[in-house]
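Take a look at the structure set out below.
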Amino acid sequence: MTAIRLVTRADDLGSFSGAAAAAIDAHRHGIIQNTGVMVPTPWFPDAVARLKEAPSLCVGVHLTICCEWGRNRWRPILPAQQVPSLVGADGYLHKDPVAMHHAGIKPAEILAECQAQLDRARAYGLDIIYADTHMGWEWMHPLPNGTRLSELMPAWCRANGVLWTARLPAAGLPRAASGAQTLRGRLLASLDVATPGTYLFVIHPSLHGTVINQEAIGHAPGAVAGERVGDWQVGRSAQLKAELARRGVRTVRWDELAA
């Protein structure tokens, strides 16, 4: 039995024009076995078309109720009047879960939007295996002490026949005091100190593109694009794939863990 299993996931398909192409390339040539698609984005149809050419990927819906980007903004799938707590005065999704939490969330509206996103993904012909959240919003709850969304999502997933990955046995990789400066180096350093078990490794790959090159969110111009192109290069690395095999690390799909 393999001592270490690594759930390798590429997130944010649809976030930028080059995200889906990068993730699928990382699956075909490198280590990626799972990927999450964002339904409310302009590049969702492109992601669907590319995913249909990669049937061996485990595809999930990356449930999106907020949008952190400055220029690249998204609206909910449902009309704003049906989910008013999810949008700002401009009609776009709020920036982050913290702002949403303090503004006051309505779980029924969030679950309705999640349902609309899953239904749209399936209507486009995607075989959705799992669900997770963009920006980790499941910790939110109605103030002051309402039920957390993390307590509601497992039942929602069961009702819709998808896996809720937060309940699956994949831990975060341990931190290693190696001083490694690259993503590849940090991954290998973490595996050096990891005990036998199942771990999660997430990247946000993308190719260069006009919109992603314009995004900064507090960093130097081009930093977001550089980071995500770097993620793509690590994810699609045949050398890294061979190194993991040499170490006996097996990359796995979410549905393998559930089985």
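Ordered as shown in the structure tokens, chains take letters A, B, and onward, while each chain numbers its residues from 1 and ligands are numbered from 1 in the order shown.
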
Each region 98-161 of chain A residue no farther than 9 Å from region 68-82 of chain A, nearest pair in Å, only C-alpha atoms, as CSV:
```
residue,atom,partner,partner_atom,distance
A:Glu109,CA,A:Gln82,CA,7.4
A:Ala112,CA,A:Leu78,CA,8.2
A:Glu113,CA,A:Leu78,CA,6.3
A:Cys114,CA,A:Ile77,CA,9.0
A:Ala116,CA,A:Ile77,CA,6.4
A:Gln117,CA,A:Ile77,CA,6.6
A:Arg120,CA,A:Ile77,CA,8.6
A:Met135,CA,A:Glu68,CA,8.6
```

Kindly provide the residues of region 1-71 of chain A that approach region 87-104 of chain A to within 7 Å, each paired with its closest atom pair and their distance in Å to one decimal, based on only C-alpha atoms, listed by chain and increasing number, as a tab-separated table.
```
residue	atom	partner	partner_atom	distance
A:Ile65	CA	A:Leu93	CA	6.4
A:Cys66	CA	A:Leu93	CA	4.9
A:Cys67	CA	A:Lys95	CA	4.9
A:Glu68	CA	A:Lys95	CA	4.6
```

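Ranking A:Leu187, A:Met38, A:Leu118, A:Ala242 by their shortest atom-to-atom distance to Gly161 (chain A), with only C-alpha atoms included, puts A:Leu118 first.
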
Distance query region 49-62 of chain A at most 9 Å, only C-alpha atoms, self and fewer than 6 positions along chain excluded, as a PyMOL selection string | chain A and resi 11-13+20-21+24+27-28+32-39+117-118+121+125-134+162-163+253-255

Grab the residues selected above and save them as a CSV table (one decimal), in the first residue's frame with N, CA and C atoms.
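New file selection.csv:
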```
chain,number,residue,atom,x,y,z
A,11,ASP,N,-7.8,24.4,-8.8
A,11,ASP,CA,-9.1,25.2,-8.6
A,11,ASP,C,-9.2,26.4,-9.6
A,12,ASP,N,-10.5,26.9,-9.5
A,12,ASP,CA,-10.8,28.2,-10.2
A,12,ASP,C,-10.9,28.1,-11.7
A,13,LEU,N,-11.3,26.9,-12.3
A,13,LEU,CA,-11.6,26.8,-13.7
A,13,LEU,C,-12.7,27.8,-14.0
A,20,ALA,N,-8.8,27.1,-17.4
A,20,ALA,CA,-9.2,25.7,-17.8
A,20,ALA,C,-8.1,25.0,-18.7
A,21,ALA,N,-7.5,25.7,-19.6
A,21,ALA,CA,-6.5,25.1,-20.5
A,21,ALA,C,-5.3,24.7,-19.6
A,24,ILE,N,-6.2,21.5,-17.4
A,24,ILE,CA,-6.3,20.3,-18.1
A,24,ILE,C,-4.9,19.8,-18.7
A,27,HIS,N,-3.3,18.1,-15.9
A,27,HIS,CA,-3.8,16.8,-15.7
A,27,HIS,C,-3.2,15.8,-16.8
A,28,ARG,N,-3.1,16.3,-18.0
A,28,ARG,CA,-2.6,15.4,-19.1
A,28,ARG,C,-1.1,15.1,-18.9
A,32,ILE,N,-2.1,16.6,-11.7
A,32,ILE,CA,-3.5,17.0,-11.3
A,32,ILE,C,-4.5,15.9,-11.6
A,33,GLN,N,-5.3,15.5,-10.6
A,33,GLN,CA,-6.4,14.5,-10.7
A,33,GLN,C,-7.8,15.1,-10.5
A,34,ASN,N,-7.9,16.3,-9.9
A,34,ASN,CA,-9.2,16.8,-9.5
A,34,ASN,C,-9.2,18.3,-10.0
A,35,THR,N,-10.4,18.8,-10.3
A,35,THR,CA,-10.5,20.2,-10.6
A,35,THR,C,-11.9,20.7,-10.4
A,36,GLY,N,-11.9,22.0,-9.9
A,36,GLY,CA,-13.2,22.6,-9.6
A,36,GLY,C,-13.5,23.7,-10.5
A,37,VAL,N,-14.8,23.7,-11.1
A,37,VAL,CA,-15.2,24.7,-12.0
A,37,VAL,C,-16.1,25.8,-11.4
A,38,MET,N,-15.9,27.0,-11.7
A,38,MET,CA,-16.6,28.1,-11.2
A,38,MET,C,-17.7,28.5,-12.3
A,39,VAL,N,-19.0,28.4,-11.8
A,39,VAL,CA,-20.1,28.5,-12.8
A,39,VAL,C,-20.5,29.9,-13.1
A,117,GLN,N,-26.0,27.0,-9.4
A,117,GLN,CA,-24.7,26.7,-10.0
A,117,GLN,C,-24.5,25.2,-10.3
A,118,LEU,N,-24.9,24.3,-9.4
A,118,LEU,CA,-24.8,22.9,-9.7
A,118,LEU,C,-25.7,22.5,-10.9
A,121,ALA,N,-24.2,23.6,-14.1
A,121,ALA,CA,-23.1,22.8,-14.5
A,121,ALA,C,-23.6,21.4,-15.1
A,125,GLY,N,-23.8,19.5,-19.2
A,125,GLY,CA,-23.3,18.1,-19.5
A,125,GLY,C,-22.2,17.7,-18.6
A,126,LEU,N,-21.8,18.4,-17.6
A,126,LEU,CA,-20.7,18.0,-16.7
A,126,LEU,C,-21.2,16.9,-15.7
A,127,ASP,N,-20.3,15.9,-15.5
A,127,ASP,CA,-20.5,14.9,-14.5
A,127,ASP,C,-19.9,15.4,-13.2
A,128,ILE,N,-20.6,16.1,-12.3
A,128,ILE,CA,-20.1,16.7,-11.1
A,128,ILE,C,-20.0,15.6,-10.0
A,129,ILE,N,-18.8,15.4,-9.6
A,129,ILE,CA,-18.5,14.4,-8.6
A,129,ILE,C,-18.5,15.0,-7.1
A,130,TYR,N,-18.0,16.2,-7.0
A,130,TYR,CA,-17.8,16.8,-5.7
A,130,TYR,C,-18.2,18.3,-5.6
A,131,ALA,N,-18.3,18.8,-4.4
A,131,ALA,CA,-18.5,20.2,-4.2
A,131,ALA,C,-17.5,20.7,-3.2
A,132,ASP,N,-17.0,21.9,-3.4
A,132,ASP,CA,-16.3,22.6,-2.4
A,132,ASP,C,-16.6,24.1,-2.6
A,133,THR,N,-15.9,25.0,-1.8
A,133,THR,CA,-16.2,26.4,-1.8
A,133,THR,C,-15.0,27.3,-2.2
A,134,HIS,N,-15.4,28.3,-3.0
A,134,HIS,CA,-14.4,29.3,-3.3
A,134,HIS,C,-14.2,30.3,-2.2
A,162,VAL,N,-23.6,14.5,-4.6
A,162,VAL,CA,-22.2,14.9,-4.8
A,162,VAL,C,-21.4,14.8,-3.5
A,163,LEU,N,-20.1,14.6,-3.5
A,163,LEU,CA,-19.3,14.5,-2.4
A,163,LEU,C,-19.0,15.9,-1.8
A,253,ARG,N,-7.9,10.8,-6.8
A,253,ARG,CA,-9.1,11.5,-7.0
A,253,ARG,C,-10.0,11.5,-5.7
A,254,TRP,N,-10.8,12.5,-5.5
A,254,TRP,CA,-11.7,12.6,-4.4
A,254,TRP,C,-12.6,11.4,-4.3
A,255,ASP,N,-13.1,10.9,-5.4
A,255,ASP,CA,-14.0,9.7,-5.3
A,255,ASP,C,-13.3,8.5,-4.9
```

Can you tell me, as a PyMOL selection string, what residues are no more than 10 Å from Gly226 (chain A) when counting only C-alpha atoms, ignoring any on the same chain fewer than 2 positions away?
-> chain A and resi 205-208+212-213+221-224+228-232

Please, which residues of region 19-245 of chain A, numbered as in this document, come out alpha helix (DSSP H) from DSSP, as an NGL selection string?
-> :A and (19-29 or 44-51 or 97-103 or 107-123 or 149-160 or 183-193 or 210-214 or 223-235 or 238-245)

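With only C-alpha atoms as the atoms that count, the minimum distance from Ser190 (chain A) to the choices A:Leu173, A:Ile203, A:Leu152, A:Ala258 is reached by A:Leu173.
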
What's the 10 Å shell around Ala171 (chain A), counting only C-alpha atoms, without same-chain residues fewer than 3 positions away, as a ChimeraX atom specification?
-> /A:6-7,166,168,174,197-201

Could you turn the residues from that selection into a file that holds N, CA and C atoms, as a short mmCIF file (atom, residue, chain, number, x, y, z; two decimals), in the first residue's frame?
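Listed below is the output, again-v7.cif:
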```
data_model
loop_
_atom_site.label_atom_id
_atom_site.label_comp_id
_atom_site.auth_asym_id
_atom_site.auth_seq_id
_atom_site.Cartn_x
_atom_site.Cartn_y
_atom_site.Cartn_z
N LEU A 6 -1.79 11.68 -2.29
CA LEU A 6 -1.88 13.13 -2.46
C LEU A 6 -3.08 13.45 -3.35
N VAL A 7 -4.07 14.12 -2.76
CA VAL A 7 -5.21 14.60 -3.54
C VAL A 7 -4.76 15.88 -4.24
N ALA A 166 -15.04 18.54 2.35
CA ALA A 166 -14.59 18.89 3.70
C ALA A 166 -14.71 17.72 4.67
N LEU A 168 -14.04 14.55 3.74
CA LEU A 168 -13.19 13.46 3.28
C LEU A 168 -11.82 13.54 3.96
N PRO A 174 2.09 19.07 6.02
CA PRO A 174 2.81 19.68 7.14
C PRO A 174 3.80 20.74 6.66
N GLY A 197 -0.17 8.81 5.17
CA GLY A 197 -1.53 9.32 5.24
C GLY A 197 -1.96 9.93 3.92
N THR A 198 -3.06 10.65 3.95
CA THR A 198 -3.63 11.28 2.76
C THR A 198 -3.62 12.79 2.96
N TYR A 199 -3.10 13.51 1.96
CA TYR A 199 -2.92 14.96 2.05
C TYR A 199 -3.52 15.64 0.83
N LEU A 200 -3.78 16.94 0.99
CA LEU A 200 -4.36 17.74 -0.08
C LEU A 200 -3.33 18.75 -0.59
N PHE A 201 -3.21 18.83 -1.92
CA PHE A 201 -2.32 19.80 -2.56
C PHE A 201 -3.13 20.54 -3.62
#
```

In region 19-121 of chain A, what's strand (DSSP E) per DSSP? Answer as a ChimeraX atom specification?
-> /A:34-37,58-63

Between A:Gln181, A:Thr8, A:Gln239, A:Thr64, which is the closest to Val202 (chain A) once you count only C-alpha atoms?
-> A:Thr8
